[in-house]
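Trainee: Got protein.cif for you, mmCIF, C-alpha atoms and all ligand atoms:
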```cif
data_structure
#
loop_
_atom_site.label_atom_id
_atom_site.label_comp_id
_atom_site.auth_asym_id
_atom_site.auth_seq_id
_atom_site.Cartn_x
_atom_site.Cartn_y
_atom_site.Cartn_z
CA MET A 182 42.60 -31.51 -209.84
CA ALA A 183 41.81 -34.17 -212.43
CA PRO A 184 42.35 -37.82 -211.46
CA SER A 185 45.06 -39.85 -213.20
CA THR A 186 42.63 -42.24 -214.90
CA GLN A 187 39.17 -41.93 -216.38
CA LYS A 188 36.49 -43.93 -218.21
CA ALA A 189 36.30 -43.50 -221.97
CA VAL A 190 34.61 -45.19 -224.94
CA VAL A 191 37.38 -46.85 -226.92
CA VAL A 192 37.37 -48.38 -230.42
CA GLN A 193 38.31 -52.06 -230.69
CA ALA A 194 39.97 -53.85 -233.62
CA ASP A 195 36.62 -55.20 -234.89
CA GLY A 196 35.03 -51.72 -234.94
CA SER A 197 32.92 -52.23 -231.82
CA VAL A 198 33.41 -49.90 -228.85
CA VAL A 199 33.90 -50.58 -225.17
CA ILE A 200 34.07 -48.47 -221.99
CA THR A 201 37.49 -48.83 -220.49
CA SER A 202 39.90 -47.08 -218.15
CA VAL A 203 42.48 -44.79 -219.81
CA PRO A 204 44.91 -42.13 -218.55
CA VAL A 205 43.71 -38.55 -218.18
CA PRO A 206 45.95 -36.55 -220.56
CA LYS A 207 47.90 -33.40 -219.65
CA PRO A 208 47.21 -30.31 -221.78
CA GLY A 209 50.07 -29.43 -224.15
CA PRO A 210 50.89 -26.00 -225.62
CA GLY A 211 47.73 -24.12 -226.63
CA GLN A 212 45.45 -26.78 -225.14
CA ILE A 213 42.92 -27.06 -222.33
CA LEU A 214 41.72 -30.10 -220.41
CA VAL A 215 37.91 -30.12 -220.31
CA LYS A 216 35.80 -32.08 -217.82
CA VAL A 217 33.11 -33.33 -220.19
CA ALA A 218 29.45 -32.92 -219.18
CA ALA A 219 27.73 -33.85 -222.46
CA VAL A 220 28.63 -35.17 -225.91
CA ALA A 221 26.82 -34.75 -229.25
CA GLN A 222 27.17 -37.39 -231.96
CA ASN A 223 28.08 -36.64 -235.59
CA PRO A 224 28.12 -38.82 -238.74
CA VAL A 225 31.92 -38.57 -238.71
CA ASP A 226 31.94 -40.64 -235.49
CA PHE A 227 30.39 -43.78 -236.99
CA LYS A 228 32.01 -43.19 -240.40
CA THR A 229 35.55 -42.95 -238.99
CA ILE A 230 35.08 -46.05 -236.84
CA ALA A 231 33.69 -48.02 -239.80
CA TRP A 232 36.43 -46.87 -242.21
CA VAL A 233 39.54 -47.14 -240.02
CA LYS A 234 38.70 -49.31 -236.97
CA LYS A 235 41.51 -47.53 -235.18
CA GLU A 236 42.10 -49.73 -232.14
CA GLY A 237 42.56 -47.72 -228.95
CA ALA A 238 41.10 -44.47 -230.38
CA ILE A 239 38.63 -42.65 -228.14
CA VAL A 240 35.22 -42.02 -229.75
CA GLY A 241 33.62 -38.60 -230.17
CA CYS A 242 34.25 -35.10 -231.48
CA ASP A 243 31.66 -32.72 -229.95
CA TYR A 244 31.74 -31.86 -226.26
CA ALA A 245 30.51 -29.37 -223.68
CA GLY A 246 31.92 -29.10 -220.19
CA THR A 247 34.11 -27.05 -217.89
CA VAL A 248 37.77 -26.11 -218.20
CA GLU A 249 39.72 -28.21 -215.70
CA GLU A 250 43.28 -27.23 -216.58
CA ILE A 251 45.01 -24.81 -218.95
CA GLY A 252 48.18 -25.81 -220.80
CA PRO A 253 51.25 -23.67 -221.56
CA ASP A 254 51.14 -20.95 -224.23
CA VAL A 255 47.40 -20.33 -223.96
CA PRO A 256 47.12 -16.53 -224.17
CA ALA A 257 46.28 -14.98 -220.79
CA GLY A 258 42.55 -14.45 -220.39
CA LEU A 259 41.55 -16.60 -223.37
CA ARG A 260 40.22 -19.39 -221.14
CA THR A 261 39.66 -19.64 -217.39
CA VAL A 262 39.54 -22.66 -215.11
CA GLY A 263 35.87 -23.49 -214.42
CA GLU A 264 34.67 -21.75 -217.62
CA ARG A 265 31.77 -23.43 -219.42
CA VAL A 266 32.95 -24.28 -222.93
CA ALA A 267 32.00 -26.27 -226.03
CA GLY A 268 33.79 -27.32 -229.18
CA PHE A 269 35.14 -30.30 -231.05
CA VAL A 270 38.19 -32.51 -231.34
CA PHE A 271 39.34 -35.08 -233.92
CA GLY A 272 37.64 -38.09 -232.33
CA SER A 273 37.58 -41.83 -233.09
CA TYR A 274 41.08 -41.66 -234.64
CA TYR A 275 43.42 -40.49 -231.89
CA LYS A 276 43.67 -41.45 -228.21
CA ASN A 277 41.64 -38.35 -227.42
CA GLY A 278 37.89 -38.06 -227.89
CA SER A 279 34.84 -36.50 -226.30
CA CYS A 280 33.16 -39.76 -225.18
CA ALA A 281 35.21 -39.64 -222.00
CA GLN A 282 35.23 -37.94 -218.62
CA TYR A 283 38.00 -35.60 -219.79
CA VAL A 284 39.00 -34.39 -223.26
CA LEU A 285 41.97 -32.37 -224.50
CA ALA A 286 40.80 -29.47 -226.66
CA GLU A 287 42.52 -26.65 -228.49
CA ALA A 288 41.97 -23.49 -226.43
CA ALA A 289 41.25 -21.10 -229.31
CA PRO A 290 38.63 -22.81 -231.54
CA THR A 291 36.43 -23.18 -228.46
CA VAL A 292 33.07 -21.58 -227.75
CA HIS A 293 32.30 -19.83 -224.46
CA LEU A 294 29.03 -21.37 -223.29
CA PRO A 295 26.70 -18.92 -221.48
CA ASP A 296 24.53 -20.16 -218.59
CA SER A 297 21.48 -19.83 -220.88
CA TRP A 298 22.78 -22.84 -222.85
CA SER A 299 22.55 -26.24 -221.15
CA PHE A 300 25.48 -28.60 -221.54
CA GLU A 301 23.18 -30.93 -223.52
CA ASP A 302 22.40 -28.22 -226.11
CA GLY A 303 25.88 -26.72 -225.91
CA SER A 304 27.53 -30.05 -226.74
CA GLN A 305 26.41 -29.56 -230.36
CA LEU A 306 28.42 -26.34 -230.71
CA GLY A 307 31.22 -28.25 -232.36
CA VAL A 308 31.35 -29.94 -235.77
CA GLY A 309 27.87 -28.74 -236.89
CA PRO A 310 28.13 -24.97 -236.44
CA PHE A 311 31.89 -24.78 -237.14
CA THR A 312 31.32 -26.63 -240.43
CA ALA A 313 28.42 -24.32 -241.30
CA ALA A 314 30.69 -21.34 -240.61
CA GLN A 315 33.42 -22.80 -242.79
CA LEU A 316 31.01 -23.52 -245.67
CA LEU A 317 29.64 -19.98 -245.61
CA TRP A 318 32.51 -17.80 -244.45
CA GLU A 319 35.68 -19.62 -245.51
CA ALA A 320 34.68 -21.37 -248.76
CA GLN A 321 32.70 -18.44 -250.19
CA GLN A 322 33.37 -15.56 -247.83
CA LEU A 323 29.67 -14.81 -247.62
CA PRO A 324 28.38 -12.10 -245.27
CA THR A 325 28.40 -12.87 -241.53
CA PRO A 326 26.02 -11.90 -238.71
CA ILE A 327 28.69 -9.37 -237.66
CA GLN A 328 28.94 -7.88 -241.20
CA PRO A 329 25.56 -8.73 -242.78
CA ALA A 330 24.70 -8.26 -246.47
CA THR A 331 23.57 -4.77 -247.34
CA THR A 332 21.53 -6.12 -250.26
CA PRO A 333 20.04 -9.61 -249.74
CA PHE A 334 20.85 -12.24 -252.37
CA PRO A 335 19.70 -15.86 -252.66
CA LEU A 336 21.56 -18.79 -251.11
CA LEU A 337 20.49 -22.44 -251.42
CA ILE A 338 21.14 -24.79 -248.50
CA SER A 339 20.82 -28.41 -249.58
CA GLY A 340 20.02 -30.60 -246.57
CA GLY A 341 18.29 -27.95 -244.45
CA ALA A 342 17.25 -30.46 -241.77
CA SER A 343 20.74 -31.88 -241.30
CA SER A 344 22.72 -30.67 -238.33
CA VAL A 345 25.12 -28.66 -240.51
CA GLY A 346 22.19 -27.40 -242.61
CA GLN A 347 20.23 -26.18 -239.57
CA TYR A 348 23.18 -24.07 -238.43
CA ALA A 349 23.94 -22.86 -241.97
CA ILE A 350 20.33 -21.66 -242.40
CA GLN A 351 20.46 -19.71 -239.15
CA PHE A 352 23.86 -18.15 -239.86
CA ALA A 353 22.82 -17.21 -243.42
CA LYS A 354 19.57 -15.64 -242.25
CA LEU A 355 21.34 -13.70 -239.48
CA SER A 356 23.75 -12.50 -242.17
CA GLY A 357 20.94 -10.93 -244.19
CA LEU A 358 20.67 -13.50 -247.00
CA GLN A 359 17.56 -14.83 -248.72
CA VAL A 360 17.57 -18.51 -247.75
CA PHE A 361 16.22 -21.37 -249.86
CA ALA A 362 16.54 -24.91 -248.51
CA THR A 363 15.74 -28.53 -249.28
CA ALA A 364 14.33 -31.00 -246.75
CA SER A 365 11.74 -33.74 -246.36
CA PRO A 366 8.22 -32.32 -245.98
CA LYS A 367 8.09 -33.51 -242.33
CA HIS A 368 10.85 -30.96 -241.61
CA PHE A 369 9.48 -27.97 -243.55
CA ASP A 370 8.18 -26.28 -240.37
CA LEU A 371 11.46 -26.86 -238.52
CA VAL A 372 13.54 -25.49 -241.40
CA LYS A 373 11.27 -22.44 -241.79
CA SER A 374 11.38 -21.79 -238.04
CA LEU A 375 15.17 -21.51 -238.37
CA GLY A 376 14.86 -18.79 -241.01
CA ALA A 377 14.49 -20.44 -244.42
CA ASP A 378 12.32 -18.28 -246.68
CA GLU A 379 11.27 -21.20 -248.88
CA VAL A 380 11.76 -24.96 -248.52
CA PHE A 381 11.61 -27.60 -251.26
CA ASP A 382 11.21 -31.37 -251.05
CA TYR A 383 14.41 -32.96 -252.36
CA HIS A 384 12.49 -36.13 -253.29
CA ASP A 385 10.50 -34.16 -255.91
CA PRO A 386 11.97 -34.89 -259.38
CA GLU A 387 11.22 -31.24 -260.31
CA VAL A 388 12.98 -29.81 -257.26
CA ALA A 389 15.89 -28.15 -259.10
CA LYS A 390 13.53 -26.57 -261.64
CA LYS A 391 11.31 -25.25 -258.82
CA ILE A 392 14.25 -23.72 -256.94
CA LYS A 393 15.52 -22.12 -260.14
CA ALA A 394 12.09 -20.61 -260.79
CA ALA A 395 11.73 -19.39 -257.17
CA THR A 396 15.14 -17.70 -257.33
CA GLY A 397 14.36 -16.13 -260.72
CA GLY A 398 17.33 -17.97 -262.29
CA LYS A 399 19.66 -15.75 -260.23
CA LEU A 400 21.04 -18.31 -257.75
CA LYS A 401 24.85 -18.05 -257.66
CA HIS A 402 25.65 -19.46 -254.20
CA ALA A 403 24.82 -22.80 -252.59
CA VAL A 404 25.86 -24.81 -249.55
CA ASP A 405 25.50 -28.57 -249.96
CA ALA A 406 25.41 -29.98 -246.42
CA ILE A 407 24.80 -33.49 -247.83
CA SER A 408 27.00 -33.58 -250.97
CA GLU A 409 25.99 -37.14 -251.93
CA THR A 410 22.94 -39.26 -252.82
CA GLY A 411 22.05 -37.10 -255.81
CA THR A 412 22.38 -33.65 -254.22
CA PRO A 413 25.24 -32.43 -256.49
CA ALA A 414 23.03 -32.82 -259.58
CA ILE A 415 20.11 -31.03 -257.89
CA VAL A 416 22.19 -28.15 -256.57
CA ALA A 417 24.08 -27.63 -259.85
CA ALA A 418 20.84 -27.62 -261.84
CA ALA A 419 19.24 -25.07 -259.49
CA LEU A 420 22.07 -22.55 -260.02
CA SER A 421 21.81 -19.78 -262.62
CA ASP A 422 22.57 -20.51 -266.30
CA GLU A 423 25.97 -18.82 -265.83
CA GLY A 424 26.73 -21.24 -262.97
CA GLY A 425 27.85 -20.44 -259.43
CA VAL A 426 29.73 -21.71 -256.40
CA ILE A 427 28.84 -24.64 -254.13
CA SER A 428 30.44 -25.21 -250.70
CA ALA A 429 30.46 -28.94 -250.00
CA THR A 430 30.82 -31.16 -246.93
CA LEU A 431 32.26 -34.06 -248.95
CA PRO A 432 34.45 -34.40 -252.07
CA TYR A 433 32.25 -33.22 -254.94
CA PRO A 434 31.86 -34.61 -258.47
CA GLU A 435 32.18 -32.46 -261.61
CA THR A 436 28.71 -31.15 -262.39
CA ARG A 437 28.48 -28.65 -265.25
CA ALA A 438 30.36 -25.80 -266.89
CA GLY A 439 30.47 -22.65 -264.78
CA VAL A 440 29.85 -24.48 -261.48
CA THR A 441 32.70 -24.61 -258.96
CA ALA A 442 32.53 -26.82 -255.88
CA ILE A 443 34.66 -26.11 -252.80
CA PRO A 444 34.87 -29.02 -250.33
CA ILE A 445 35.86 -28.15 -246.75
CA CYS A 446 37.11 -30.11 -243.74
CA ALA A 447 36.28 -28.98 -240.21
CA TYR A 448 39.40 -30.57 -238.72
CA ASN A 449 41.56 -27.94 -240.48
CA MET A 450 40.30 -25.35 -237.99
CA LEU A 451 41.88 -27.27 -235.09
CA GLY A 452 45.29 -26.13 -236.33
CA LYS A 453 46.98 -29.56 -236.27
CA SER A 454 48.31 -31.69 -239.13
CA TYR A 455 46.57 -35.02 -239.77
CA ASP A 456 46.72 -37.94 -242.20
CA PHE A 457 43.09 -39.08 -242.34
CA PRO A 458 40.80 -38.89 -244.34
CA PHE A 459 43.62 -37.28 -246.36
CA GLN A 460 46.99 -35.69 -245.66
CA TRP A 461 46.71 -32.17 -244.22
CA GLU A 462 49.51 -29.90 -243.05
CA ALA A 463 48.38 -27.36 -240.46
CA THR A 464 48.36 -23.72 -241.51
CA GLU A 465 48.24 -20.55 -239.45
CA GLU A 466 45.36 -19.33 -241.67
CA ALA A 467 43.15 -22.33 -240.88
CA LYS A 468 43.98 -22.05 -237.18
CA ALA A 469 43.08 -18.35 -237.22
CA LEU A 470 39.75 -19.19 -238.89
CA GLY A 471 38.93 -21.67 -236.11
CA LYS A 472 39.55 -18.93 -233.54
CA ARG A 473 37.54 -16.37 -235.53
CA PHE A 474 34.58 -18.72 -236.03
CA ALA A 475 34.60 -19.63 -232.32
CA GLU A 476 34.33 -15.90 -231.58
CA HIS A 477 31.46 -15.50 -234.11
CA ILE A 478 29.56 -18.47 -232.66
CA SER A 479 30.18 -17.31 -229.07
CA LYS A 480 28.84 -13.87 -230.01
CA VAL A 481 25.71 -15.22 -231.73
CA ILE A 482 24.81 -17.52 -228.83
CA SER A 483 25.49 -14.81 -226.25
CA LEU A 484 22.84 -12.72 -228.04
CA ASN A 485 20.38 -15.64 -227.87
CA ARG A 486 20.19 -15.75 -231.65
CA LEU A 487 20.90 -19.42 -232.31
CA LYS A 488 18.68 -22.46 -231.83
CA PRO A 489 20.27 -25.85 -231.18
CA ASN A 490 19.19 -28.86 -233.25
CA PRO A 491 16.27 -30.74 -231.69
CA LYS A 492 17.91 -33.37 -229.50
CA VAL A 493 17.39 -36.89 -228.24
CA VAL A 494 19.29 -37.62 -225.02
CA TYR A 495 20.21 -41.29 -224.77
CA PRO A 496 19.62 -42.76 -221.29
CA SER A 497 22.93 -44.22 -220.12
CA GLY A 498 25.68 -41.74 -221.00
CA LEU A 499 28.86 -43.44 -222.22
CA ALA A 500 27.09 -46.82 -221.98
CA SER A 501 24.67 -45.64 -224.72
CA VAL A 502 27.36 -44.67 -227.22
CA GLN A 503 27.40 -48.06 -228.99
CA GLN A 504 23.61 -47.78 -229.56
CA GLY A 505 23.97 -44.18 -230.74
CA LEU A 506 26.59 -45.20 -233.29
CA LEU A 507 24.23 -47.89 -234.63
CA ASP A 508 21.29 -45.44 -234.79
CA GLY A 509 23.32 -42.57 -236.28
CA PRO A 510 22.86 -43.36 -239.99
CA LYS A 511 19.05 -43.30 -239.53
CA ILE A 512 18.87 -40.01 -237.60
CA SER A 513 16.56 -37.39 -239.07
CA GLY A 514 16.43 -33.76 -237.98
CA GLN A 515 17.82 -34.53 -234.50
CA LYS A 516 21.07 -34.70 -232.61
CA ILE A 517 21.96 -37.69 -230.42
CA ILE A 518 23.31 -36.55 -227.03
CA PHE A 519 25.01 -38.43 -224.17
CA ARG A 520 25.31 -37.02 -220.64
CA ILE A 521 28.44 -38.30 -218.90
CA ALA A 522 26.70 -38.25 -215.48
CA ASP A 523 24.11 -40.76 -216.79
CA THR A 524 26.82 -43.43 -217.20
CA PRO A 525 26.22 -46.27 -214.70
CA ASP A 526 28.94 -46.98 -212.10
CA LEU A 527 31.00 -43.92 -212.88
N1 LIG B 1 33.75 -32.01 -244.27
C1 LIG B 1 33.50 -31.85 -242.98
O1 LIG B 1 34.32 -31.34 -242.21
C2 LIG B 1 32.16 -32.27 -242.45
C3 LIG B 1 31.71 -31.75 -241.23
C4 LIG B 1 30.43 -32.10 -240.79
C5 LIG B 1 29.66 -32.99 -241.52
N2 LIG B 1 30.16 -33.52 -242.66
C6 LIG B 1 29.34 -34.44 -243.47
O2 LIG B 1 28.20 -33.70 -243.87
C7 LIG B 1 27.07 -34.53 -243.91
C8 LIG B 1 25.98 -33.94 -243.03
O3 LIG B 1 26.37 -34.00 -241.66
P1 LIG B 1 25.28 -33.71 -240.53
O4 LIG B 1 25.88 -33.92 -239.21
O5 LIG B 1 24.66 -32.40 -240.80
O6 LIG B 1 24.26 -34.90 -240.86
P2 LIG B 1 22.90 -35.33 -240.18
O7 LIG B 1 22.37 -34.28 -239.26
O8 LIG B 1 23.06 -36.68 -239.62
O9 LIG B 1 21.97 -35.42 -241.48
C9 LIG B 1 20.73 -36.07 -241.44
C10 LIG B 1 19.77 -35.28 -242.33
O10 LIG B 1 20.22 -35.32 -243.68
C11 LIG B 1 19.13 -35.01 -244.50
N3 LIG B 1 19.32 -35.55 -245.84
C12 LIG B 1 19.72 -36.81 -246.15
N4 LIG B 1 19.78 -36.94 -247.52
C13 LIG B 1 19.39 -35.76 -248.04
C14 LIG B 1 19.25 -35.26 -249.37
N5 LIG B 1 19.49 -36.06 -250.43
N6 LIG B 1 18.87 -33.98 -249.55
C15 LIG B 1 18.62 -33.18 -248.48
N7 LIG B 1 18.72 -33.59 -247.18
C16 LIG B 1 19.10 -34.86 -246.98
C17 LIG B 1 17.92 -35.63 -243.82
O11 LIG B 1 16.92 -34.65 -243.93
P3 LIG B 1 15.35 -35.00 -243.91
O12 LIG B 1 15.14 -35.61 -242.55
O13 LIG B 1 14.68 -33.70 -244.12
O14 LIG B 1 15.11 -36.01 -245.02
C18 LIG B 1 18.39 -35.86 -242.36
O15 LIG B 1 17.58 -35.19 -241.43
C19 LIG B 1 27.55 -35.93 -243.45
O16 LIG B 1 27.89 -36.68 -244.59
C20 LIG B 1 28.80 -35.61 -242.67
O17 LIG B 1 29.70 -36.69 -242.61
C21 LIG B 1 31.39 -33.19 -243.16
#
```
Could you render the structure from this file as structure tokens?
Ligand SMILES: NC(=O)c1ccc[n+]([C@@H]2O[C@H](COP(=O)([O-])OP(=O)(O)OC[C@H]3O[C@@H](n4cnc5c(N)ncnc54)[C@H](OP(=O)(O)O)[C@@H]3O)[C@@H](O)[C@H]2O)c1
Mentor:
Amino acid sequence: MAPSTQKAVVVQADGSVVITSVPVPKPGPGQILVKVAAVAQNPVDFKTIAWVKKEGAIVGCDYAGTVEEIGPDVPAGLRTVGERVAGFVFGSYYKNGSCAQYVLAEAAPTVHLPDSWSFEDGSQLGVGPFTAAQLLWEAQQLPTPIQPATTPFPLLISGGASSVGQYAIQFAKLSGLQVFATASPKHFDLVKSLGADEVFDYHDPEVAKKIKAATGGKLKHAVDAISETGTPAIVAAALSDEGGVISATLPYPETRAGVTAIPICAYNMLGKSYDFPFQWEATEEAKALGKRFAEHISKVISLNRLKPNPKVVYPSGLASVQQGLLDGPKISGQKIIFRIADTPDL
């Protein structure tokens, strides 16, 4: 039985965060209450806090933990009390976030975490892999590990060392595609170990030309995990002369004739309407995708076919979150993790 109050990391009016006591919520229809064991940080955490400074919001999207309570209307057998799970919520904007002892999560877009995955690694099975799934399988309906390509074709992943990029590379490779990626040279070995066939330095002024040559001018599909700081121009120039399709993590500029960009938003898969960073009305289709992608990710990890991002576990649990948020914009090739049990005086 969950207590009535808990400790959580809460946003203040000036954009700083503080650990404070808040009520433990009750799961509503379709929801579960999760006792959080570990949290993974994402860029959206520090971006949302900086943009909105939503006083009273609880920080954090990604979580791993155990199901404490199951709300009404959760289909029988979908989740069980005590089950190890991972997923994500819309953190830092609502009074529900993963940097807390308990988080309310939607029951369906939730990954079953096998014992072979620690809570620290499992906490990243939220925004990163769900976004990668959306970029590949919703935006472009590319082959999946369950229905792989019968004939391999090239796919470019811009930002191969990013969290989203690392999952996109692995999913694309498991789906039978020929994977080209960009990264800093210090991450070439990491990106290749995840399944990239060839990796290119995005700092090289000739990078687009080199990718175009390596793909024989036949590149028609790209995932841009970065979608800013010059990547749209690189990705568009690497595509075939006829053009192609780019799935993007951020709103994308016009590039050139024949090139279509499809921006996605991971929050859609939670099946709830929201009004930030834009107005979104929930759809049954998006909700169904969240459920389907959770099943795909659960299947892939149950087969031991997915590697988590390299991680750095901060020392003091919730008390380290403020430092993590400050360090987040400088992170390179790693995921920042907080273990709730490391929080002093909990
Ligand atoms: N729309 C959505 O729903 C959604 C969901 C998730 C993420 N996002 C957004 O997607 C972006 C990536 O998120 P993330 O969590 O994957 O980020 P992340 O792990 O924090 O990304 C850091 C990595 O980005 C790489 N990088 C930076 N600039 C690059 C460039 N110009 N070309 C190639 N790689 C570059 C760096 O690679 P090197 O170390 O190799 O230099 C670095 O390791 C963020 O802007 C995030 O806000 C959006």
Trainee: Counting all atoms listed in the file, which of A:Val203, A:Val426, A:Ala463, A:Gly309 gets nearest to Gln322 of chain A?
Mentor: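 Among the listed residues, the smallest separation from Gln322 of chain A belongs to A:Val426.
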Trainee: Would you mind listing what lies within 6 Å of Ala403 of chain A as JSON, numbers by chain, with all atoms listed in the file counted and same-chain residues fewer than 2 positions away left out?
Mentor: {"A": [336, 337, 338, 427]}
Trainee: For segment 373-390 of chain A, please output as a ChimeraX atom specification all residues within 10 Å (counting only C-alpha atoms; exclusion window: fewer than 4 positions along the same chain).
Mentor: /A:335-342,347-355,358-369,394-396,398,411-412,414-420,487-490
Trainee: Counting all atoms listed in the file, which of A:Thr247, A:Thr186, A:Asn223, A:Gln212 gets nearest to ligand LIG 1 (chain B)?
Mentor: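 Checking each candidate against ligand LIG 1 (chain B), we get A:Asn223 as the closest.
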Trainee: I'd like a table as JSON lines: residues in segment 191-295 of chain A with an atom no more than 9 Å from segment 482-486 of chain A, each row giving the shortest atom pair and its distance in Å to one decimal, all atoms listed in the file counted, sorted by chain and rising residue number.
Mentor:
```
{"residue": "A:His293", "atom": "CA", "partner": "A:Ser483", "partner_atom": "CA", "distance": 8.6}
{"residue": "A:Leu294", "atom": "CA", "partner": "A:Ile482", "partner_atom": "CA", "distance": 8.0}
{"residue": "A:Pro295", "atom": "CA", "partner": "A:Ser483", "partner_atom": "CA", "distance": 6.4}
```
Trainee: Calculated over only C-alpha atoms, which of the candidates A:Val215, A:Ala442, A:Ala320, A:Val502 has the smallest distance to Cys280 of chain A?
Mentor: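 The shortest atom-to-atom distance to Cys280 of chain A comes from A:Val502.
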Trainee: Taking all atoms of ligand LIG 1 (chain B) that the file lists and extending 5 Å past them on each side, where is the centre of the axis-aligned box and how long are its edges? Answer in Å to one decimal, as lines of an AutoDock Vina configuration file.
Mentor:
```
center_x = 24.5
center_y = -34.1
center_z = -244.8
size_x = 29.6
size_y = 15.6
size_z = 21.2
```
Trainee: How far is it from atom CA of Ser304 of chain A to atom C10 of ligand LIG 1 (chain B), in Å with one decimal?
Mentor: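 Atom C10 of ligand LIG 1 (chain B) lies at a distance of 18.2 Å from atom CA of Ser304 of chain A.
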Trainee: Interatomic distance between atom CA of Pro253 of chain A and atom CA of Lys480 of chain A?
Mentor: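 Taking atom CA of Pro253 of chain A and atom CA of Lys480 of chain A, their separation equals 25.9 Å.
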Trainee: Name the residues in contact with segment 233-236 of chain A at a cut-off of 6 Å, using all atoms listed in the file, excluding same-chain residues fewer than 5 positions from it; report them as number ranges by chain.
Mentor: A: 192-194, 196, 274
Trainee: State, in Å with one decimal place, the distance from atom N1 of ligand LIG 1 (chain B) to atom CA of Phe334 of chain A.
Mentor: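 That distance, rounded to one decimal, is 25.0 Å.
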Trainee: Excluding segment 453-457 of chain A and residues on its chain fewer than 5 positions from it, collect all residues at most 10 Å away from it, counting all atoms listed in the file, and give them as a PDB file with C-alpha atoms, in the coordinates of the input.
Mentor:
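Just written: part_32.pdb:
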```pdb
ATOM      1  CA  THR A 229      35.550 -42.950-238.990  1.00  0.00           C
ATOM      2  CA  VAL A 233      39.540 -47.140-240.020  1.00  0.00           C
ATOM      3  CA  PHE A 271      39.340 -35.080-233.920  1.00  0.00           C
ATOM      4  CA  TYR A 274      41.080 -41.660-234.640  1.00  0.00           C
ATOM      5  CA  GLU A 287      42.520 -26.650-228.490  1.00  0.00           C
ATOM      6  CA  TYR A 448      39.400 -30.570-238.720  1.00  0.00           C
ATOM      7  CA  GLU A 462      49.510 -29.900-243.050  1.00  0.00           C
ATOM      8  CA  ALA A 463      48.380 -27.360-240.460  1.00  0.00           C
ATOM      9  CA  THR A 464      48.360 -23.720-241.510  1.00  0.00           C
ATOM     10  CA  GLU A 465      48.240 -20.550-239.450  1.00  0.00           C
ATOM     11  CA  ALA A 467      43.150 -22.330-240.880  1.00  0.00           C
ATOM     12  CA  LYS A 468      43.980 -22.050-237.180  1.00  0.00           C
TER      13      LYS A 468
END
```
Trainee: Name the closest residue to Ala522 of chain A among the candidates A:Val248, A:Glu301, A:Met450, A:Ser202; distances are taken between atoms, counting only C-alpha atoms.
Mentor: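 Closest to Ala522 of chain A of all the choices is A:Glu301.
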Trainee: Within 12 Å of segment 197-201 of chain A, which residues of segment 430-500 of chain A show up? Give each one with its shortest atom-to-atom distance in Å (one decimal) and the two atoms involved, counting all atoms listed in the file, rows by chain then rising residue number, as a tab-separated table.
Mentor:
```
residue	atom	partner	partner_atom	distance
A:Gly498	CA	A:Ile200	CA	10.8
A:Leu499	CA	A:Ile200	CA	7.2
A:Ala500	CA	A:Ile200	CA	7.2
```
Trainee: Nearest to Ala314 of chain A: which of A:Val255, A:Gly346, A:Tyr244, A:Lys399 is it, counting all atoms listed in the file?
Mentor: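 The shortest atom-to-atom distance to Ala314 of chain A comes from A:Gly346.
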